[in-house]
Amino acid sequence: EAGVAQSPRYKIIEKRQSVAFWCNPISGHATLYWYQQILGQGPKLLIQFQNNGVVDDSQLPKDRFSAERLKGVDSTLKIQPAKLEDSAVYLCASSWGRQGVETQYFGPGTRLLVL
Amino acid sequence: AQSVTQLDSQVPVFEEAPVELRCNYSSSVSVYLFWYVQYPNQGLQLLLKYLSGSTLVKSINGFEAEFNKSQTSFHLRKPSVHISDTAEYFCAVFSGGYQKVTFGTGTKLQVIP
């Protein structure tokens with residue numbers, strides 16, 4: 001079974017530029033999560049999708065971050081414009097259902113550096 | 001609100017020695033608890049979880065954790081560590097009232113040969 005795929009693995013941009021990350025979850029997984037992990041901190045949930053609908057985006061900075069999951073499969077997370085404090089690893093995870101108790105399967109992450 | 005505290009950011013331990021990684025949580029409702037592990041250059045993966053039933057849960061590679069409701073803890077233990085256990089370990093909590101998983105800040109386990 002293929003795992004969660006993310007690209008790119010690394011990205012360096014200057015502040016005020018835009019960037020987009022892509023995630024392909026495990027086939028058949030209905031729920032998809034985007035997390036932000038700042039150095040020295042644990043992952044923080046940014047947005048959770050159930051199929052192609054948003055379940056939770058309460059911690060997503062909506063003035064600059066956006067995400068979509070068209071057709072309930074792949075997802076993209078965009079930052080526009082980027083700030084220095086957005087430097088972090090962006091993790092995508094998926095799970096079979098939407099219950100929080102279900103195991104989440106994580107991708108390798110995208111490491112973003114904003115200069 | 002819910003929170004997770006992992007007091008130890010780094011734990012060095014000699015190979016074949018026992019180890020305990022501490023995790024305390026804060027939540028006003030019933031909780032489900034997880035330990036995730038991140039090996040070098042790999043993504044996070046579930047190590048073990050407590051949902052209900054026996055308060056002692058075990059992983060396939062010798063780790064175990066015990067849910068202690070009175071002390072609001074879910075410490076991770078292993079009686080004898082291997083070099084391959086070197087990784088970062090994250091404790092996480094999910095509660096019905098909060099409806100999302102909250103992760104701790106992680107503990108880096110460094111096994112010394």
# chains A, B, ... in the order shown; residues from 1 in each chain; ligands from 1
>>> interface_residues(of="chain B", to="chain A", cutoff="7 Å", atoms="only C-alpha atoms", output="PyMOL selection string")
chain B and resi 32+42-46+94+99-101+103-106
>>> write_last_selection(atoms="N, CA, C and O atoms", output="PDB file, in the first residue's frame")
ATOM      1  N   TYR B  32      -8.650  10.152  24.481  1.00  0.00           N
ATOM      2  CA  TYR B  32      -7.959   9.063  23.811  1.00  0.00           C
ATOM      3  C   TYR B  32      -6.516   9.525  23.627  1.00  0.00           C
ATOM      4  O   TYR B  32      -6.278  10.683  23.288  1.00  0.00           O
ATOM      5  N   GLN B  42      12.095  10.247   8.233  1.00  0.00           N
ATOM      6  CA  GLN B  42      10.832   9.580   7.929  1.00  0.00           C
ATOM      7  C   GLN B  42       9.668  10.391   8.473  1.00  0.00           C
ATOM      8  O   GLN B  42       9.843  11.296   9.279  1.00  0.00           O
ATOM      9  N   GLY B  43       8.454  10.048   8.028  1.00  0.00           N
ATOM     10  CA  GLY B  43       7.267  10.723   8.531  1.00  0.00           C
ATOM     11  C   GLY B  43       6.824  10.157   9.864  1.00  0.00           C
ATOM     12  O   GLY B  43       7.268   9.098  10.301  1.00  0.00           O
ATOM     13  N   LEU B  44       5.943  10.876  10.529  1.00  0.00           N
ATOM     14  CA  LEU B  44       5.366  10.404  11.788  1.00  0.00           C
ATOM     15  C   LEU B  44       4.579   9.120  11.563  1.00  0.00           C
ATOM     16  O   LEU B  44       3.886   8.973  10.562  1.00  0.00           O
ATOM     17  N   GLN B  45       4.674   8.210  12.519  1.00  0.00           N
ATOM     18  CA  GLN B  45       3.880   6.986  12.434  1.00  0.00           C
ATOM     19  C   GLN B  45       3.402   6.605  13.828  1.00  0.00           C
ATOM     20  O   GLN B  45       4.084   6.860  14.823  1.00  0.00           O
ATOM     21  N   LEU B  46       2.226   5.998  13.879  1.00  0.00           N
ATOM     22  CA  LEU B  46       1.640   5.622  15.153  1.00  0.00           C
ATOM     23  C   LEU B  46       2.455   4.512  15.811  1.00  0.00           C
ATOM     24  O   LEU B  46       2.798   3.515  15.175  1.00  0.00           O
ATOM     25  N   PHE B  94      -6.736  13.211  22.064  1.00  0.00           N
ATOM     26  CA  PHE B  94      -7.978  13.571  21.383  1.00  0.00           C
ATOM     27  C   PHE B  94      -9.083  13.475  22.421  1.00  0.00           C
ATOM     28  O   PHE B  94      -9.197  12.477  23.133  1.00  0.00           O
ATOM     29  N   GLN B  99     -12.609  17.717  19.833  1.00  0.00           N
ATOM     30  CA  GLN B  99     -12.767  17.184  18.482  1.00  0.00           C
ATOM     31  C   GLN B  99     -11.572  17.368  17.564  1.00  0.00           C
ATOM     32  O   GLN B  99     -11.742  17.518  16.353  1.00  0.00           O
ATOM     33  N   LYS B 100     -10.386  17.448  18.114  1.00  0.00           N
ATOM     34  CA  LYS B 100      -9.197  17.406  17.260  1.00  0.00           C
ATOM     35  C   LYS B 100      -8.043  16.848  18.078  1.00  0.00           C
ATOM     36  O   LYS B 100      -8.080  16.840  19.302  1.00  0.00           O
ATOM     37  N   VAL B 101      -7.028  16.378  17.370  1.00  0.00           N
ATOM     38  CA  VAL B 101      -5.854  15.829  18.036  1.00  0.00           C
ATOM     39  C   VAL B 101      -4.878  16.946  18.350  1.00  0.00           C
ATOM     40  O   VAL B 101      -4.587  17.785  17.500  1.00  0.00           O
ATOM     41  N   PHE B 103      -0.995  17.630  19.680  1.00  0.00           N
ATOM     42  CA  PHE B 103       0.295  16.979  19.861  1.00  0.00           C
ATOM     43  C   PHE B 103       1.136  17.721  20.897  1.00  0.00           C
ATOM     44  O   PHE B 103       1.047  18.944  21.035  1.00  0.00           O
ATOM     45  N   GLY B 104       1.988  16.953  21.589  1.00  0.00           N
ATOM     46  CA  GLY B 104       2.995  17.553  22.448  1.00  0.00           C
ATOM     47  C   GLY B 104       4.159  18.051  21.613  1.00  0.00           C
ATOM     48  O   GLY B 104       4.173  17.906  20.385  1.00  0.00           O
ATOM     49  N   THR B 105       5.151  18.607  22.285  1.00  0.00           N
ATOM     50  CA  THR B 105       6.287  19.202  21.586  1.00  0.00           C
ATOM     51  C   THR B 105       7.353  18.190  21.213  1.00  0.00           C
ATOM     52  O   THR B 105       8.308  18.522  20.526  1.00  0.00           O
ATOM     53  N   GLY B 106       7.196  16.954  21.656  1.00  0.00           N
ATOM     54  CA  GLY B 106       8.117  15.911  21.250  1.00  0.00           C
ATOM     55  C   GLY B 106       9.273  15.708  22.213  1.00  0.00           C
ATOM     56  O   GLY B 106       9.715  16.631  22.890  1.00  0.00           O
TER      57      GLY B 106
END
>>> select_by_dssp(residues="region 29-92 of chain A", states="strand (DSSP E)", output="PyMOL selection string")
chain A and resi 31-37+44-50+53-56+65-68+75-79+88-92
>>> decode(residues="region 34-53 of chain A", atoms="N, CA and C atoms", output="JSON list (two decimals), in the first residue's frame")
[["chain", "number", "residue", "atom", "x", "y", "z"],
["A", 34, "TRP", "N", -3.91, 18.78, 7.22],
["A", 34, "TRP", "CA", -2.68, 19.54, 7.03],
["A", 34, "TRP", "C", -2.24, 20.06, 8.41],
["A", 35, "TYR", "N", -0.98, 19.80, 8.73],
["A", 35, "TYR", "CA", -0.40, 20.28, 9.98],
["A", 35, "TYR", "C", 0.78, 21.20, 9.67],
["A", 36, "GLN", "N", 1.03, 22.12, 10.58],
["A", 36, "GLN", "CA", 2.23, 22.95, 10.55],
["A", 36, "GLN", "C", 3.08, 22.59, 11.76],
["A", 37, "GLN", "N", 4.34, 22.25, 11.51],
["A", 37, "GLN", "CA", 5.24, 21.91, 12.61],
["A", 37, "GLN", "C", 6.42, 22.87, 12.59],
["A", 38, "ILE", "N", 6.40, 23.81, 13.52],
["A", 38, "ILE", "CA", 7.50, 24.75, 13.68],
["A", 38, "ILE", "C", 8.59, 24.08, 14.50],
["A", 39, "LEU", "N", 9.83, 24.41, 14.21],
["A", 39, "LEU", "CA", 10.97, 23.79, 14.87],
["A", 39, "LEU", "C", 10.83, 23.85, 16.39],
["A", 40, "GLY", "N", 10.93, 22.69, 17.03],
["A", 40, "GLY", "CA", 10.84, 22.63, 18.48],
["A", 40, "GLY", "C", 9.43, 22.52, 19.01],
["A", 41, "GLN", "N", 8.45, 22.46, 18.12],
["A", 41, "GLN", "CA", 7.06, 22.34, 18.54],
["A", 41, "GLN", "C", 6.44, 21.09, 17.95],
["A", 42, "GLY", "N", 5.31, 20.71, 18.49],
["A", 42, "GLY", "CA", 4.59, 19.59, 17.92],
["A", 42, "GLY", "C", 3.74, 20.03, 16.74],
["A", 43, "PRO", "N", 3.26, 19.09, 15.96],
["A", 43, "PRO", "CA", 2.40, 19.45, 14.81],
["A", 43, "PRO", "C", 1.14, 20.17, 15.28],
["A", 44, "LYS", "N", 0.75, 21.21, 14.56],
["A", 44, "LYS", "CA", -0.47, 21.95, 14.85],
["A", 44, "LYS", "C", -1.42, 21.81, 13.66],
["A", 45, "LEU", "N", -2.64, 21.37, 13.94],
["A", 45, "LEU", "CA", -3.60, 21.17, 12.87],
["A", 45, "LEU", "C", -3.99, 22.51, 12.23],
["A", 46, "LEU", "N", -3.86, 22.57, 10.91],
["A", 46, "LEU", "CA", -4.30, 23.77, 10.18],
["A", 46, "LEU", "C", -5.70, 23.58, 9.62],
["A", 47, "ILE", "N", -5.92, 22.44, 8.98],
["A", 47, "ILE", "CA", -7.21, 22.20, 8.35],
["A", 47, "ILE", "C", -7.43, 20.71, 8.22],
["A", 48, "GLN", "N", -8.70, 20.32, 8.34],
["A", 48, "GLN", "CA", -9.09, 18.92, 8.21],
["A", 48, "GLN", "C", -10.22, 18.83, 7.20],
["A", 49, "PHE", "N", -10.07, 17.94, 6.22],
["A", 49, "PHE", "CA", -11.10, 17.69, 5.21],
["A", 49, "PHE", "C", -11.74, 16.32, 5.44],
["A", 50, "GLN", "N", -13.03, 16.26, 5.22],
["A", 50, "GLN", "CA", -13.73, 14.98, 5.14],
["A", 50, "GLN", "C", -14.24, 14.91, 3.71],
["A", 51, "ASN", "N", -13.66, 13.97, 2.94],
["A", 51, "ASN", "CA", -13.87, 13.96, 1.48],
["A", 51, "ASN", "C", -13.47, 15.33, 0.95],
["A", 52, "ASN", "N", -14.32, 16.09, 0.30],
["A", 52, "ASN", "CA", -13.88, 17.39, -0.19],
["A", 52, "ASN", "C", -14.46, 18.55, 0.61],
["A", 53, "GLY", "N", -15.04, 18.25, 1.77],
["A", 53, "GLY", "CA", -15.58, 19.29, 2.63],
["A", 53, "GLY", "C", -14.68, 19.58, 3.81]]
